[in-house]
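**Student:** Supplied structure: structure.cif, mmCIF, C-alpha atoms.
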data_data
#
loop_
_atom_site.label_atom_id
_atom_site.label_comp_id
_atom_site.auth_asym_id
_atom_site.auth_seq_id
_atom_site.Cartn_x
_atom_site.Cartn_y
_atom_site.Cartn_z
CA MET A 25 0.00 0.00 0.00
CA ALA A 26 2.66 2.43 1.01
CA ASN A 27 4.61 1.38 -2.03
CA THR A 28 1.78 2.15 -4.42
CA GLN A 29 1.38 5.55 -2.92
CA ASP A 30 5.06 6.15 -3.30
CA PHE A 31 4.87 5.24 -6.95
CA ALA A 32 1.92 7.54 -7.46
CA THR A 33 3.65 10.50 -5.92
CA LEU A 34 6.79 9.64 -7.81
CA ALA A 35 4.93 9.58 -11.12
CA GLU A 36 3.25 12.83 -10.23
CA ALA A 37 6.53 14.38 -9.32
CA ARG A 38 8.02 13.21 -12.59
CA LEU A 39 5.14 14.70 -14.48
CA GLU A 40 5.61 17.91 -12.56
CA THR A 41 9.32 18.01 -13.36
CA THR A 42 8.65 17.24 -17.03
CA ALA A 43 6.36 20.23 -17.19
CA SER A 44 8.82 22.47 -15.43
CA ARG A 45 11.67 21.17 -17.59
CA LEU A 46 9.67 22.01 -20.68
CA ARG A 47 9.01 25.48 -19.33
CA GLU A 48 12.68 25.94 -18.70
CA LEU A 49 13.42 24.62 -22.15
CA VAL A 50 10.99 27.00 -23.80
CA ALA A 51 12.46 29.94 -21.95
CA HIS A 52 15.88 28.91 -23.15
CA LEU A 53 14.72 28.55 -26.77
CA ARG A 54 13.00 31.95 -26.66
CA GLN A 55 16.13 33.55 -25.35
CA GLN A 56 18.34 31.96 -28.01
CA ARG A 57 15.80 32.53 -30.77
CA ALA A 58 17.84 34.75 -33.08
CA GLN A 59 20.95 32.64 -32.88
CA LEU A 60 19.32 29.22 -33.25
CA ARG A 61 17.13 30.37 -36.07
CA GLU A 62 20.18 31.64 -37.90
CA GLU A 63 21.94 28.35 -37.31
CA TRP A 64 18.98 26.38 -38.58
CA ALA A 65 18.57 28.44 -41.76
CA ARG A 66 22.29 27.98 -42.40
CA LEU A 67 22.00 24.18 -42.03
CA ILE A 68 19.01 24.09 -44.39
CA THR A 69 20.97 25.90 -47.08
CA GLU A 70 24.02 23.74 -46.43
CA ALA A 71 22.02 20.51 -46.75
CA LYS A 72 20.61 21.88 -50.05
CA LEU A 73 17.04 21.54 -48.85
CA LEU A 74 14.23 23.78 -50.11
CA THR A 75 16.25 24.67 -53.21
CA ALA A 76 13.06 25.89 -54.84
CA MET A 77 12.92 28.82 -52.39
CA THR A 78 15.11 31.93 -52.03
CA LYS A 79 17.27 32.55 -49.00
CA GLU A 80 14.91 35.25 -47.74
CA GLU A 81 11.91 33.00 -48.07
CA ILE A 82 13.65 30.21 -46.23
CA PHE A 83 14.54 32.61 -43.44
CA ALA A 84 10.98 33.94 -43.19
CA GLU A 85 9.48 30.44 -43.12
CA ALA A 86 12.17 29.29 -40.69
CA THR A 87 11.20 32.10 -38.33
CA SER A 88 7.54 31.19 -38.24
CA VAL A 89 8.24 27.44 -38.05
CA TYR A 90 10.62 28.12 -35.16
CA ASP A 91 8.04 30.17 -33.25
CA ASN A 92 5.31 27.63 -33.88
CA TYR A 93 7.63 24.86 -32.84
CA VAL A 94 8.48 26.53 -29.53
CA GLU A 95 4.84 27.28 -28.94
CA ALA A 96 3.91 23.64 -29.54
CA LEU A 97 6.58 22.62 -27.03
CA GLU A 98 5.21 25.08 -24.52
CA THR A 99 1.50 24.31 -24.81
CA GLY A 100 1.90 20.62 -25.52
CA THR A 101 -0.85 20.86 -28.14
CA SER A 102 0.01 20.69 -31.79
CA GLU A 103 -3.18 22.16 -33.26
CA ALA A 104 -1.70 25.54 -34.08
CA LEU A 105 1.33 23.85 -35.56
CA GLN A 106 -0.87 21.50 -37.54
CA ALA A 107 -2.79 24.41 -39.02
CA TYR A 108 0.46 26.15 -39.81
CA ALA A 109 1.92 23.00 -41.37
CA ARG A 110 -1.12 22.76 -43.59
CA SER A 111 -0.91 26.35 -44.76
CA LEU A 112 2.84 25.98 -45.26
CA SER A 113 2.24 22.85 -47.37
CA GLU A 114 -0.34 24.68 -49.43
CA ARG A 115 2.20 27.35 -50.21
CA ILE A 116 5.21 25.16 -50.94
CA ILE A 117 3.71 22.13 -52.67
CA PRO A 118 2.99 24.02 -55.90
CA ARG A 119 6.66 25.04 -55.91
CA GLY A 120 7.80 21.46 -56.04
CA VAL A 121 8.98 20.94 -52.47
CA GLU A 122 9.31 17.24 -51.74
CA THR A 123 8.33 15.27 -48.65
CA ASP A 124 11.92 14.43 -47.75
CA GLU A 125 12.76 18.14 -47.72
CA VAL A 126 9.99 19.01 -45.30
CA VAL A 127 10.81 16.10 -42.99
CA GLY A 128 14.47 17.00 -43.39
CA ILE A 129 14.11 20.59 -42.22
CA VAL A 130 11.99 19.64 -39.23
CA LEU A 131 14.55 17.03 -38.18
CA LEU A 132 17.30 19.61 -38.68
CA LEU A 133 15.50 22.00 -36.35
CA ARG A 134 15.15 19.22 -33.80
CA ASP A 135 18.90 18.60 -34.01
CA VAL A 136 19.77 22.29 -33.77
CA LEU A 137 17.70 22.66 -30.63
CA ALA A 138 19.11 19.46 -29.13
CA ARG A 139 22.64 20.69 -29.80
CA SER A 140 21.92 23.94 -28.03
CA LEU A 141 20.62 21.96 -25.06
CA PHE A 142 23.81 19.92 -25.03
CA ALA A 143 25.79 23.14 -25.01
CA LYS A 144 23.76 24.64 -22.19
CA TYR A 145 23.82 21.63 -19.87
CA ARG A 146 27.12 20.07 -20.80
CA THR A 147 28.41 20.51 -17.25
CA ASP A 148 25.63 18.44 -15.73
CA PHE A 149 24.71 15.23 -17.53
CA GLU A 150 22.08 14.41 -14.94
CA VAL A 151 20.07 17.54 -15.77
CA LEU A 152 20.76 17.19 -19.49
CA SER A 153 19.36 13.71 -19.49
CA ARG A 154 16.17 14.86 -17.79
CA VAL A 155 15.77 17.84 -20.10
CA LEU A 156 16.13 15.52 -23.07
CA ASP A 157 13.53 13.21 -21.53
CA ALA A 158 11.09 16.06 -21.71
CA TYR A 159 12.28 17.40 -25.03
CA GLU A 160 12.57 14.30 -27.22
CA PRO A 161 8.99 12.98 -27.13
CA ALA A 162 7.61 16.46 -27.72
CA ALA A 163 10.02 17.10 -30.58
CA ASN A 164 9.26 13.76 -32.22
CA ARG A 165 5.56 14.37 -31.97
CA ILE A 166 6.00 17.72 -33.69
CA ALA A 167 8.07 16.16 -36.47
CA ILE A 168 5.35 13.59 -37.08
CA THR A 169 2.63 16.25 -37.05
CA VAL A 170 4.38 18.34 -39.67
CA ALA A 171 5.22 15.34 -41.89
CA VAL A 172 1.69 13.98 -41.72
CA GLY A 173 0.22 17.41 -42.39
CA PHE A 174 2.40 17.76 -45.45
CA VAL A 175 1.57 14.33 -46.83
CA GLN A 176 -2.15 14.85 -46.22
CA GLU A 177 -2.05 18.13 -48.09
CA ARG A 178 -0.26 16.45 -50.99
CA GLU A 179 -2.83 13.69 -51.09
CA ARG A 180 -5.61 16.24 -51.08
CA VAL A 181 -4.03 17.97 -54.08
CA ILE A 182 -3.63 14.63 -55.87
CA ARG A 183 -7.25 13.73 -55.21
CA GLU A 184 -8.42 17.05 -56.60
CA GLN A 185 -6.32 16.59 -59.71
CA GLN A 186 -7.62 13.07 -60.25
CA GLU A 187 -11.14 14.42 -60.00
CA ALA A 188 -10.35 17.12 -62.55
CA ILE A 189 -8.74 14.65 -64.94
CA ARG A 190 -11.70 12.34 -64.63
CA GLU A 191 -14.15 15.08 -65.52
CA LEU A 192 -12.09 16.28 -68.43
CA SER A 193 -11.54 12.81 -69.79
CA THR A 194 -15.11 11.86 -70.56
CA PRO A 195 -16.65 14.46 -72.84
CA VAL A 196 -19.93 13.61 -74.52
CA LEU A 197 -20.07 15.44 -77.84
CA PRO A 198 -23.10 16.04 -80.04
CA VAL A 199 -21.95 15.82 -83.70
CA ARG A 200 -25.24 15.76 -85.56
CA GLU A 201 -28.79 16.13 -84.47
CA ARG A 202 -29.54 13.14 -82.24
CA LEU A 203 -26.05 11.68 -82.61
CA LEU A 204 -23.54 11.73 -79.75
CA ILE A 205 -19.88 10.76 -79.75
CA LEU A 206 -18.17 9.55 -76.61
CA PRO A 207 -14.42 9.24 -77.11
CA ILE A 208 -12.83 7.39 -74.22
CA ILE A 209 -9.11 7.78 -73.66
CA GLY A 210 -7.01 6.07 -71.02
CA LEU A 211 -7.63 3.30 -68.56
CA ILE A 212 -11.13 2.86 -67.23
CA ASP A 213 -11.51 1.88 -63.60
CA ARG A 214 -14.71 1.09 -61.84
CA GLN A 215 -15.34 4.63 -60.66
CA ARG A 216 -14.62 6.19 -64.03
CA ALA A 217 -16.85 3.64 -65.72
CA ARG A 218 -19.73 4.55 -63.44
CA GLN A 219 -19.24 8.28 -63.93
CA LEU A 220 -19.00 7.77 -67.68
CA THR A 221 -22.27 5.88 -67.78
CA GLU A 222 -24.07 8.52 -65.75
CA GLN A 223 -22.78 11.32 -67.97
CA LEU A 224 -23.77 9.43 -71.09
CA LEU A 225 -27.30 8.67 -69.90
CA HIS A 226 -27.95 12.28 -68.95
CA ALA A 227 -26.51 13.47 -72.25
CA ILE A 228 -28.80 11.09 -74.12
CA ARG A 229 -31.78 12.63 -72.36
CA THR A 230 -30.80 16.26 -72.76
CA ASN A 231 -29.75 15.88 -76.41
CA ARG A 232 -32.60 13.49 -77.26
CA ALA A 233 -29.97 11.26 -78.82
CA LYS A 234 -30.96 8.24 -80.85
CA VAL A 235 -27.49 6.93 -81.62
CA VAL A 236 -24.28 7.07 -79.60
CA VAL A 237 -20.88 6.19 -81.00
CA MET A 238 -18.56 5.13 -78.18
CA ASP A 239 -14.98 5.13 -79.40
CA ILE A 240 -12.52 3.19 -77.27
CA THR A 241 -9.48 3.44 -79.57
CA GLY A 242 -7.66 5.20 -76.73
CA VAL A 243 -8.34 2.49 -74.15
CA PRO A 244 -5.26 0.27 -73.78
CA ALA A 245 -6.80 -2.55 -71.75
CA MET A 246 -9.98 -3.71 -70.13
CA ASP A 247 -10.86 -6.22 -67.44
CA SER A 248 -14.03 -8.24 -67.02
CA ASN A 249 -15.56 -5.77 -64.54
CA VAL A 250 -15.22 -2.86 -66.92
CA ALA A 251 -16.35 -4.96 -69.88
CA ASN A 252 -19.48 -6.00 -68.05
CA HIS A 253 -20.06 -2.41 -67.07
CA LEU A 254 -19.79 -1.47 -70.74
CA VAL A 255 -22.42 -4.04 -71.62
CA GLN A 256 -24.65 -2.59 -68.91
CA THR A 257 -24.10 0.92 -70.25
CA VAL A 258 -25.18 -0.22 -73.69
CA GLU A 259 -28.30 -1.82 -72.22
CA ALA A 260 -29.12 1.22 -70.06
CA SER A 261 -28.78 3.49 -73.10
CA ARG A 262 -31.10 1.22 -75.02
CA LEU A 263 -33.68 1.64 -72.26
CA LEU A 264 -33.50 5.39 -72.89
CA GLY A 265 -34.16 4.71 -76.54
CA ALA A 266 -30.60 5.13 -77.84
CA THR A 267 -28.51 2.66 -79.80
CA VAL A 268 -24.85 2.48 -78.80
CA ILE A 269 -22.23 1.63 -81.40
CA VAL A 270 -18.84 0.71 -79.96
CA THR A 271 -15.87 1.41 -82.19
CA GLY A 272 -12.11 1.04 -82.09
CA LEU A 273 -11.71 -2.17 -80.12
CA SER A 274 -8.02 -2.96 -80.15
CA PRO A 275 -6.86 -6.52 -80.95
CA GLU A 276 -5.85 -6.94 -77.30
CA ILE A 277 -9.24 -5.90 -75.98
CA ALA A 278 -11.05 -8.08 -78.51
CA GLN A 279 -8.96 -11.05 -77.38
CA THR A 280 -9.51 -10.27 -73.70
CA LEU A 281 -13.26 -9.93 -74.09
CA VAL A 282 -13.62 -13.21 -75.94
CA THR A 283 -11.23 -15.04 -73.62
CA ILE A 284 -12.96 -13.95 -70.41
CA GLY A 285 -16.29 -14.72 -71.99
CA VAL A 286 -18.15 -11.42 -71.69
CA ASP A 287 -21.60 -11.68 -73.23
CA LEU A 288 -21.30 -9.41 -76.24
CA ARG A 289 -24.43 -10.34 -78.12
CA THR A 290 -26.06 -7.05 -77.29
CA MET A 291 -23.02 -5.04 -78.36
CA HIS A 292 -23.12 -3.33 -81.72
CA THR A 293 -19.50 -2.90 -82.81
CA VAL A 294 -17.86 -1.31 -85.83
CA GLY A 295 -14.13 -1.31 -86.62
CA ASP A 296 -13.23 2.35 -86.41
CA LEU A 297 -14.79 5.71 -85.54
CA GLN A 298 -15.36 6.58 -89.21
CA GLY A 299 -17.26 3.38 -89.80
CA GLY A 300 -19.17 3.96 -86.58
CA ILE A 301 -20.32 7.41 -87.67
CA GLU A 302 -21.34 6.08 -91.09
CA GLU A 303 -23.33 3.33 -89.43
CA ALA A 304 -24.92 5.88 -87.09
CA GLU A 305 -25.91 8.06 -90.04
CA ARG A 306 -27.48 5.06 -91.68
CA LEU A 307 -29.49 4.35 -88.52
CA LEU A 308 -30.58 7.99 -88.40
CA GLY A 309 -31.60 7.88 -92.05
CA LEU A 310 -28.96 10.39 -93.09
CA ASP A 311 -26.99 10.16 -96.29
CA VAL A 312 -23.78 12.11 -96.63
CA VAL A 313 -22.68 12.47 -100.27
CA PRO A 314 -20.27 14.80 -102.07
CA ILE A 315 -21.88 18.08 -103.21
CA THR A 316 -21.28 17.32 -106.91
CA GLU A 317 -23.35 14.16 -106.66
CA ALA A 318 -26.01 15.75 -104.49
CA THR A 319 -26.81 18.88 -106.56
CA PRO A 320 -28.30 17.27 -109.68
CA ARG A 321 -30.73 15.33 -107.53
CA THR A 322 -32.26 18.38 -105.81
CA MET B 9 -54.12 3.90 -57.76
CA ALA B 10 -55.31 2.55 -61.09
CA VAL B 11 -53.40 3.63 -64.18
CA PRO B 12 -55.61 5.12 -66.92
CA ILE B 13 -55.25 3.41 -70.28
CA LEU B 14 -55.90 5.63 -73.29
CA LYS B 15 -56.72 4.38 -76.73
CA GLN B 16 -54.99 6.29 -79.51
CA GLY B 17 -55.71 4.86 -82.92
CA GLN B 18 -54.13 1.48 -83.13
CA TYR B 19 -52.22 1.96 -79.93
CA LEU B 20 -52.86 1.85 -76.21
CA ILE B 21 -51.09 4.34 -73.95
CA ALA B 22 -50.65 3.78 -70.22
CA SER B 23 -49.07 6.69 -68.40
CA ILE B 24 -47.88 5.85 -64.90
CA GLN B 25 -48.05 9.01 -62.79
CA ASP B 26 -47.10 7.76 -59.35
CA ALA B 27 -45.27 5.00 -57.54
CA LEU B 28 -47.36 1.87 -57.89
CA THR B 29 -47.96 -0.96 -55.45
CA ASP B 30 -47.47 -4.54 -56.60
CA ALA B 31 -51.24 -4.95 -56.82
CA ASP B 32 -51.55 -1.82 -59.02
CA LEU B 33 -48.88 -3.21 -61.32
CA GLN B 34 -50.62 -6.54 -61.66
CA GLN B 35 -53.87 -4.75 -62.36
CA LEU B 36 -52.19 -2.68 -65.06
CA ARG B 37 -50.73 -5.82 -66.63
CA ASP B 38 -54.10 -7.62 -66.65
CA ALA B 39 -55.91 -4.59 -68.05
CA LEU B 40 -53.41 -4.06 -70.86
CA VAL B 41 -53.31 -7.70 -71.89
CA ALA B 42 -57.12 -7.78 -71.95
CA GLN B 43 -57.62 -4.47 -73.80
CA VAL B 44 -55.07 -5.28 -76.50
CA GLY B 45 -57.47 -7.95 -77.70
CA ARG B 46 -60.61 -5.89 -77.22
CA HIS B 47 -59.35 -2.89 -79.25
CA ARG B 48 -57.33 -5.00 -81.68
CA SER B 49 -54.35 -2.78 -80.84
CA ARG B 50 -51.02 -3.14 -82.66
CA GLY B 51 -48.93 -1.38 -80.08
CA VAL B 52 -48.73 -0.50 -76.39
CA ILE B 53 -46.82 2.40 -74.85
CA VAL B 54 -46.04 2.40 -71.15
CA ASP B 55 -44.86 5.82 -70.02
CA ILE B 56 -42.72 5.65 -66.88
CA THR B 57 -41.33 9.21 -66.92
CA ALA B 58 -42.69 9.83 -63.44
CA LEU B 59 -40.99 6.82 -61.86
CA ASP B 60 -37.82 7.57 -59.90
CA VAL B 61 -37.23 3.99 -58.86
CA MET B 62 -38.21 0.59 -60.15
CA ASP B 63 -37.94 -2.46 -57.94
CA SER B 64 -37.44 -5.97 -59.26
CA PHE B 65 -41.17 -6.68 -59.21
CA ALA B 66 -41.90 -3.62 -61.32
CA VAL B 67 -39.18 -4.57 -63.79
CA ARG B 68 -40.49 -8.11 -64.07
CA THR B 69 -44.07 -6.92 -64.51
CA VAL B 70 -43.08 -4.51 -67.28
CA ARG B 71 -41.18 -7.31 -69.01
CA ASP B 72 -44.19 -9.60 -68.63
CA ILE B 73 -46.47 -6.95 -70.14
CA ALA B 74 -44.17 -6.71 -73.16
CA HIS B 75 -43.99 -10.47 -73.67
CA MET B 76 -47.71 -11.07 -73.06
CA THR B 77 -48.91 -8.31 -75.38
CA ARG B 78 -46.54 -9.56 -78.07
CA LEU B 79 -48.21 -12.96 -77.85
CA ARG B 80 -51.53 -11.16 -78.41
CA GLY B 81 -50.24 -9.26 -81.43
CA ALA B 82 -49.07 -5.92 -80.01
CA GLU B 83 -45.56 -4.58 -79.53
CA THR B 84 -44.87 -2.80 -76.23
CA VAL B 85 -42.55 0.18 -75.92
CA ILE B 86 -41.35 1.57 -72.60
CA VAL B 87 -40.84 5.33 -72.79
CA GLY B 88 -39.41 8.05 -70.58
CA MET B 89 -37.17 5.97 -68.34
CA GLN B 90 -35.00 8.14 -66.10
CA PRO B 91 -31.20 7.66 -66.37
CA GLU B 92 -30.98 6.58 -62.73
CA VAL B 93 -33.70 4.01 -63.24
CA ALA B 94 -31.96 2.69 -66.35
CA LEU B 95 -28.74 2.32 -64.36
CA SER B 96 -30.44 0.35 -61.62
CA VAL B 97 -32.41 -1.81 -64.03
CA VAL B 98 -29.31 -3.11 -65.84
CA GLN B 99 -27.75 -4.44 -62.65
CA PRO B 100 -27.27 -8.20 -62.70
CA GLY B 101 -30.40 -10.14 -61.85
CA LEU B 102 -32.84 -7.69 -63.38
CA SER B 103 -33.48 -7.72 -67.06
CA LEU B 104 -35.58 -5.95 -69.62
CA GLU B 105 -34.16 -7.95 -72.49
CA GLY B 106 -36.42 -8.08 -75.50
CA VAL B 107 -38.42 -5.05 -74.35
CA HIS B 108 -38.39 -2.09 -76.70
CA ALA B 109 -37.63 1.33 -75.26
CA ALA B 110 -37.78 4.91 -76.50
CA LEU B 111 -36.88 8.31 -75.13
CA ASP B 112 -40.39 9.71 -74.75
CA LEU B 113 -43.98 9.34 -75.90
CA GLU B 114 -43.31 10.99 -79.25
CA GLU B 115 -40.39 8.66 -79.97
CA GLY B 116 -42.38 5.67 -78.84
CA LEU B 117 -45.21 6.49 -81.26
CA ALA B 118 -42.68 7.03 -84.07
CA PHE B 119 -41.13 3.66 -83.29
CA LEU B 120 -44.49 1.86 -83.44
CA ASP B 121 -45.43 3.64 -86.69
CA GLU B 122 -42.15 2.52 -88.20
CA LYS B 123 -42.78 -1.03 -87.12
CA ALA B 124 -46.27 -0.96 -88.59
CA THR B 125 -44.99 0.40 -91.92
CA ALA B 126 -42.28 -2.23 -92.04
CA ALA B 127 -44.83 -4.97 -91.37
CA ARG B 128 -47.13 -3.68 -94.12
CA GLY B 129 -44.19 -3.45 -96.47
CA GLY B 130 -43.73 -7.17 -96.00
CA ARG B 131 -40.40 -6.91 -94.22
CA PRO B 132 -40.79 -9.07 -91.18
CA GLY B 133 -38.33 -8.54 -88.33
CA ALA B 134 -37.29 -5.09 -89.54
#
Written as structure tokens, how would this file's structure read?

**Tutor:**
Amino acid sequence: MANTQDFATLAEARLETTASRLRELVAHLRQQRAQLREEWARLITEAKLLTAMTKEEIFAEATSVYDNYVEALETGTSEALQAYARSLSERIIPRGVETDEVVGIVLLLRDVLARSLFAKYRTDFEVLSRVLDAYEPAANRIAITVAVGFVQERERVIREQQEAIRELSTPVLPVRERLLILPIIGLIDRQRARQLTEQLLHAIRTNRAKVVVMDITGVPAMDSNVANHLVQTVEASRLLGATVIVTGLSPEIAQTLVTIGVDLRTMHTVGDLQGGIEEAERLLGLDVVPITEATPRT
Amino acid sequence: MAVPILKQGQYLIASIQDALTDADLQQLRDALVAQVGRHRSRGVIVDITALDVMDSFAVRTVRDIAHMTRLRGAETVIVGMQPEVALSVVQPGLSLEGVHAALDLEEGLAFLDEKATAARGGRPGA
């Protein structure tokens, strides 16, 4: 019983000292701010990190990172730092700053600060060890926060770009009255296939299309999921009253489709886009002839 | 809610205006199959523009209407299907195979006229 109590008070005391150590640490870092910041900026340049930025920019960013860093050490919460890391990432990602650079500079700052602690307490290893006990976990947590914030921001940018590419890559184009062309370029995954189908069906309705030519010359490969989705798209379009003609199946895709046994009876296919449009015109009752042949008739 | 069936020349037109219960659907099927004979109709148009969803029973009933009326000498055309409905109907397990479809009432009538002309012209299966 007495032992447990001892442990409890001991743990409490340790917690207390950790807090006071951190306070001491923060005071030290504030005091040495100008010098340490200078040192850090110098190391960044030396290590050839952040080469995309000018010296002045590096110094300005270094100043705010330093202040945020010390603040995070002081308060123990990393929210402010997280927000700053995010805004920093937003600013530097478009300039081509890589993940290793960001992690690198944060680790450099950690080392600079640790070195200054070594210098301050070098006479008393006992105290140094305890200061480091308080400093290291906090510093590591900050490094992780910044790295994660940066990576998350990058992923967000990538997601946005994927979304943009997806929307750009599936245009539905009216070429004649009641005739739509849907050129598909690039790999189709499940999500793109679904989006493509939705766009096509709505376009059929708004354009009152009767025939759709879907050209897949630009599709390098296709798996059974996508092939089945294609068959479903053709069927769904039929239910809206439109005939779908698929053109430009590459030899590889033709082989894949037959090998995996996709049911293609409902698919209306023509060799190339030109043939597809001619077939579509036939279905629409249009006849395109050279002017010289057409004039005598009318 | 019973679906009104309108006679328009050689065709019957059933315009569904609201979500239907299974019993309503069966009633519609029975009425159409009966009236095709009574009016000697050559075509049936089922307008489902107002439907936002179709469950498997509705899909099966519509398919049954198409197949039954064909046996009694009339082609059925489904018109006005919403894109979302079309997407859900082509999922595996449901099927409207062999059922004609058109964009809207106008297109449906044009389709039936075409069929009738082709039949008169002695071109079966066109």

**Student:** Between atom CA of Val121 of chain A and atom CA of Glu177 of chain A, what is the distance, to one decimal in Å?

**Tutor:** 12.2 Å

**Student:** Compute the chain B side of the contact with chain A at 8 Å, counting all atoms listed in the file, and hand it back as a PDB file with C-alpha atoms, in the frame of the given file.

**Tutor:**
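Contents of the output file iface-v5.pdb:
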ATOM      1  CA  ILE B  86     -41.350   1.570 -72.600  1.00  0.00           C
ATOM      2  CA  VAL B  87     -40.840   5.330 -72.790  1.00  0.00           C
ATOM      3  CA  GLY B  88     -39.410   8.050 -70.580  1.00  0.00           C
ATOM      4  CA  MET B  89     -37.170   5.970 -68.340  1.00  0.00           C
ATOM      5  CA  GLN B  90     -35.000   8.140 -66.100  1.00  0.00           C
ATOM      6  CA  PRO B  91     -31.200   7.660 -66.370  1.00  0.00           C
ATOM      7  CA  GLU B  92     -30.980   6.580 -62.730  1.00  0.00           C
ATOM      8  CA  ALA B  94     -31.960   2.690 -66.350  1.00  0.00           C
ATOM      9  CA  LEU B  95     -28.740   2.320 -64.360  1.00  0.00           C
ATOM     10  CA  VAL B  97     -32.410  -1.810 -64.030  1.00  0.00           C
ATOM     11  CA  VAL B  98     -29.310  -3.110 -65.840  1.00  0.00           C
ATOM     12  CA  GLN B  99     -27.750  -4.440 -62.650  1.00  0.00           C
ATOM     13  CA  HIS B 108     -38.390  -2.090 -76.700  1.00  0.00           C
ATOM     14  CA  ALA B 109     -37.630   1.330 -75.260  1.00  0.00           C
ATOM     15  CA  ALA B 110     -37.780   4.910 -76.500  1.00  0.00           C
ATOM     16  CA  LEU B 111     -36.880   8.310 -75.130  1.00  0.00           C
TER      17      LEU B 111
END

**Student:** Would you pick out the contacts of segment 116-120 of chain B at 7 Å or less, using only C-alpha atoms, so that residues sharing its chain but fewer than 3 positions from it are not included, and give the list as a PyMOL selection string?

**Tutor:** chain B and resi 51+53+85+87+110+112-113+123-124

**Student:** Report as a ChimeraX atom specification the full result of the PyMOL selection byres ((chain A and resi 137-147) around 12) when it is applied to this structure.

**Tutor:** /A:45-46,48-57,59-64,90,93-94,97,130-136,148-160,162-164

**Student:** Those residues with C-alpha atoms, as an mmCIF file, in the coordinates of the input please?

**Tutor:**
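Generated output (again_4.cif):
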data_model
loop_
_atom_site.group_PDB
_atom_site.id
_atom_site.type_symbol
_atom_site.label_atom_id
_atom_site.label_comp_id
_atom_site.auth_asym_id
_atom_site.auth_seq_id
_atom_site.Cartn_x
_atom_site.Cartn_y
_atom_site.Cartn_z
ATOM 1 C CA ARG A 45 11.670 21.170 -17.590
ATOM 2 C CA LEU A 46 9.670 22.010 -20.680
ATOM 3 C CA GLU A 48 12.680 25.940 -18.700
ATOM 4 C CA LEU A 49 13.420 24.620 -22.150
ATOM 5 C CA VAL A 50 10.990 27.000 -23.800
ATOM 6 C CA ALA A 51 12.460 29.940 -21.950
ATOM 7 C CA HIS A 52 15.880 28.910 -23.150
ATOM 8 C CA LEU A 53 14.720 28.550 -26.770
ATOM 9 C CA ARG A 54 13.000 31.950 -26.660
ATOM 10 C CA GLN A 55 16.130 33.550 -25.350
ATOM 11 C CA GLN A 56 18.340 31.960 -28.010
ATOM 12 C CA ARG A 57 15.800 32.530 -30.770
ATOM 13 C CA GLN A 59 20.950 32.640 -32.880
ATOM 14 C CA LEU A 60 19.320 29.220 -33.250
ATOM 15 C CA ARG A 61 17.130 30.370 -36.070
ATOM 16 C CA GLU A 62 20.180 31.640 -37.900
ATOM 17 C CA GLU A 63 21.940 28.350 -37.310
ATOM 18 C CA TRP A 64 18.980 26.380 -38.580
ATOM 19 C CA TYR A 90 10.620 28.120 -35.160
ATOM 20 C CA TYR A 93 7.630 24.860 -32.840
ATOM 21 C CA VAL A 94 8.480 26.530 -29.530
ATOM 22 C CA LEU A 97 6.580 22.620 -27.030
ATOM 23 C CA VAL A 130 11.990 19.640 -39.230
ATOM 24 C CA LEU A 131 14.550 17.030 -38.180
ATOM 25 C CA LEU A 132 17.300 19.610 -38.680
ATOM 26 C CA LEU A 133 15.500 22.000 -36.350
ATOM 27 C CA ARG A 134 15.150 19.220 -33.800
ATOM 28 C CA ASP A 135 18.900 18.600 -34.010
ATOM 29 C CA VAL A 136 19.770 22.290 -33.770
ATOM 30 C CA ASP A 148 25.630 18.440 -15.730
ATOM 31 C CA PHE A 149 24.710 15.230 -17.530
ATOM 32 C CA GLU A 150 22.080 14.410 -14.940
ATOM 33 C CA VAL A 151 20.070 17.540 -15.770
ATOM 34 C CA LEU A 152 20.760 17.190 -19.490
ATOM 35 C CA SER A 153 19.360 13.710 -19.490
ATOM 36 C CA ARG A 154 16.170 14.860 -17.790
ATOM 37 C CA VAL A 155 15.770 17.840 -20.100
ATOM 38 C CA LEU A 156 16.130 15.520 -23.070
ATOM 39 C CA ASP A 157 13.530 13.210 -21.530
ATOM 40 C CA ALA A 158 11.090 16.060 -21.710
ATOM 41 C CA TYR A 159 12.280 17.400 -25.030
ATOM 42 C CA GLU A 160 12.570 14.300 -27.220
ATOM 43 C CA ALA A 162 7.610 16.460 -27.720
ATOM 44 C CA ALA A 163 10.020 17.100 -30.580
ATOM 45 C CA ASN A 164 9.260 13.760 -32.220
#

**Student:** Find the distance between atom CA of Val93 of chain B and atom CA of Leu40 of chain B and write it in Å to one decimal.

**Tutor:**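 Going from atom CA of Val93 of chain B over to atom CA of Leu40 of chain B, I get 22.6 Å.
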
**Student:** Might I get the box with edges along x, y and z of the file that holds all atoms of segment 45-61 of chain B listed there, padded by 8 Å on every side, given as centre and edge lengths in Å to one decimal, as AutoDock Vina command-line options?

**Tutor:**
--center_x -48.9 --center_y 0.9 --center_z -70.8 --size_x 39.4 --size_y 33.8 --size_z 39.8

**Student:** Which residue gives the smallest distance to Ile189 of chain A among A:Leu211, A:Ile168, A:Glu95, A:Glu85, with all atoms listed in the file counted?

**Tutor:** A:Leu211

**Student:** At a cut-off of 8 Å, using all atoms listed in the file, what residues contact Ser102 of chain A? Leave out same-chain residues fewer than 4 positions from it and give the result as a PyMOL selection string.

**Tutor:** chain A and resi 96+106+166+169

**Student:** I'd like the residues picked by the PyMOL selection byres ((chain B and resi 69) around 12) written out as number ranges by chain, using the chain letters and numbers from the file.

**Tutor:** B: 28-38, 40-41, 54, 62-68, 70-77, 102-104, 107
